[in-house]
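One file, model_16.txt, is given below (compact mmCIF, C-alpha atoms).
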```txt
# COMPACT_ATOMS: atom_id res chain seq x y z
CA MET A 179 105.53 103.24 103.91
CA GLU A 180 103.43 103.39 107.06
CA ASN A 181 102.97 99.60 107.05
CA HIS A 182 106.70 98.92 106.66
CA VAL A 183 109.50 98.73 109.21
CA LYS A 184 112.97 100.19 108.87
CA LEU A 185 115.56 97.52 108.18
CA PHE A 186 118.56 99.68 107.31
CA SER A 187 119.96 103.18 107.64
CA GLY A 188 123.40 103.94 106.31
CA SER A 189 125.52 104.96 103.39
CA GLU A 190 124.47 104.62 99.77
CA MET A 191 127.30 102.16 99.16
CA LEU A 192 126.27 99.80 101.96
CA ALA A 193 122.63 100.17 100.92
CA LEU A 194 123.55 98.74 97.51
CA ALA A 195 124.80 95.56 99.18
CA VAL A 196 121.69 95.27 101.34
CA LYS A 197 119.39 95.84 98.37
CA ASP A 198 121.24 93.18 96.37
CA ILE A 199 120.74 90.61 99.14
CA LEU A 200 117.06 91.49 99.45
CA GLU A 201 116.48 91.33 95.70
CA HIS A 202 118.20 87.95 95.35
CA ASN A 203 115.91 86.61 98.07
CA HIS A 204 112.75 88.16 96.64
CA ILE A 205 112.18 90.51 99.56
CA GLU A 206 110.57 93.73 98.44
CA TYR A 207 111.76 97.00 99.94
CA ILE A 208 111.12 100.71 99.81
CA GLU A 209 114.12 103.00 99.61
CA ARG A 210 114.22 106.54 100.96
CA ASN A 211 117.37 108.28 99.80
CA ASP A 212 117.92 111.50 101.73
CA ILE A 213 121.19 112.08 99.84
CA GLN A 214 119.41 112.56 96.52
CA SER A 215 116.75 114.69 98.21
CA ALA A 216 119.37 116.92 99.82
CA ILE A 217 121.26 117.35 96.56
CA GLY A 218 118.03 118.33 94.86
CA ILE A 219 117.46 121.22 97.24
CA GLY A 220 121.12 122.19 97.64
CA MET A 221 121.67 121.05 101.23
CA GLY A 222 124.34 118.93 102.87
CA ILE A 223 124.09 115.19 103.42
CA SER A 224 124.63 112.88 106.37
CA ASP A 225 126.35 109.48 106.67
CA GLN A 226 123.16 107.56 107.34
CA ALA A 227 121.10 109.08 104.61
CA THR A 228 119.79 105.98 102.83
CA HIS A 229 116.95 104.07 104.49
CA LEU A 230 115.40 100.75 103.50
CA PHE A 231 111.98 99.66 104.72
CA ILE A 232 110.40 96.22 104.35
CA ASP A 233 107.16 94.48 105.20
CA PRO A 234 107.12 93.38 108.86
CA LYS A 235 106.50 89.76 107.80
CA ASP A 236 109.94 89.70 106.13
CA ILE A 237 111.98 91.28 108.92
CA GLU A 238 113.26 88.08 110.57
CA GLN A 239 114.28 86.48 107.28
CA ALA A 240 116.03 89.69 106.19
CA LYS A 241 117.97 89.96 109.45
CA ILE A 242 119.14 86.34 109.11
CA LEU A 243 120.25 86.94 105.52
CA LEU A 244 122.13 90.11 106.40
CA ALA A 245 123.83 88.38 109.35
CA GLU A 246 125.12 85.72 106.95
CA PHE A 247 126.96 88.50 105.10
CA ASP A 248 128.16 90.20 108.31
CA LEU A 249 125.69 93.03 107.72
CA GLN A 250 124.03 92.90 111.12
CA LEU A 251 122.08 96.09 111.41
```

Full structure transcribed into C-alpha cells:
Amino acid sequence: MENHVKLFSGSEMLALAVKDILEHNHIEYIERNDIQSAIGIGMGISDQATHLFIDPKDIEQAKILLAEFDLQL
C-alpha cells in the first residue's frame, strides 16, 4: 500500500458505490476496512472507517469519474 494514494475515506455504504465505479472503469484499488478490524477485536467504530487506495497514475481519472456521480471526495 505504500505506493498507493488514498482516494476515499468514509462509510462502508458509500465505499460500495466508489468501489463499483472504480471496478466498472477497471481501476484497481486496495481497501482497508477499519470497521471489520474493530469488530474483530471488540472495539467501537468510526464514521470514516473504510479507506480506498489507488495507484497514483489513476488518481485524476478516478476523481473525474467520482465527480460525475457527485462523489467528489

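Counting all atoms listed in the file, the residue from A:Ile199, A:Thr228, A:Arg210, A:Ile205 that sits nearest to Ala245 in chain A is A:Ile199.
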
As a list in words, please: the residues near Phe247 in chain A (cut-off 12 Å, all atoms listed in the file, same-chain neighbours under 5 positions excluded). Leu192, Ala195, Val196, Asp198, Ile199, Leu200, Ala240, Lys241 and Ile242 of chain A

Two-atom distance - CA of His229 in chain A, CA of Val183 in chain A (Å):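 That distance, rounded to one decimal, is 10.3 Å.
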
Given only C-alpha atoms as the counted atoms, nearest of A:Leu244, A:Ile237, A:Leu230, A:Ile208 to Ala193 in chain A: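 Smallest separation from Ala193 in chain A among the options: A:Leu230.
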
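The space between CA of Ile232 in chain A and CA of Asn181 in chain A spans 8.6 Å.
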
What does the structure give for the distance between CA of Asp248 in chain A and CA of Glu201 in chain A, in Å to one decimal?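 So the answer is 17.2 Å.
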
Counting all atoms listed in the file, which residue out of A:Glu206, A:Asp233, A:Asp212, A:Glu246 sits closest to His182 in chain A? A:Asp233

Which residue of A:His204, A:Leu243, A:Pro234, A:Glu209 approaches Phe186 in chain A most closely, using all atoms listed in the file: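 Checking each candidate against Phe186 in chain A, we get A:Glu209 as the closest.
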
Counting all atoms listed in the file, which of A:Glu190, A:Lys197, A:Glu180, A:Gln239 gets nearest to Asn211 in chain A?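 When distances to Asn211 in chain A are compared using all atoms listed in the file, the smallest one comes from A:Glu190.
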
Selected residue, from A:Asp236, A:Ser189, A:Lys184, A:Phe231, that lies nearest to Tyr207 in chain A when counting only C-alpha atoms: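 For Tyr207 in chain A, the nearest of the candidates is A:Phe231.
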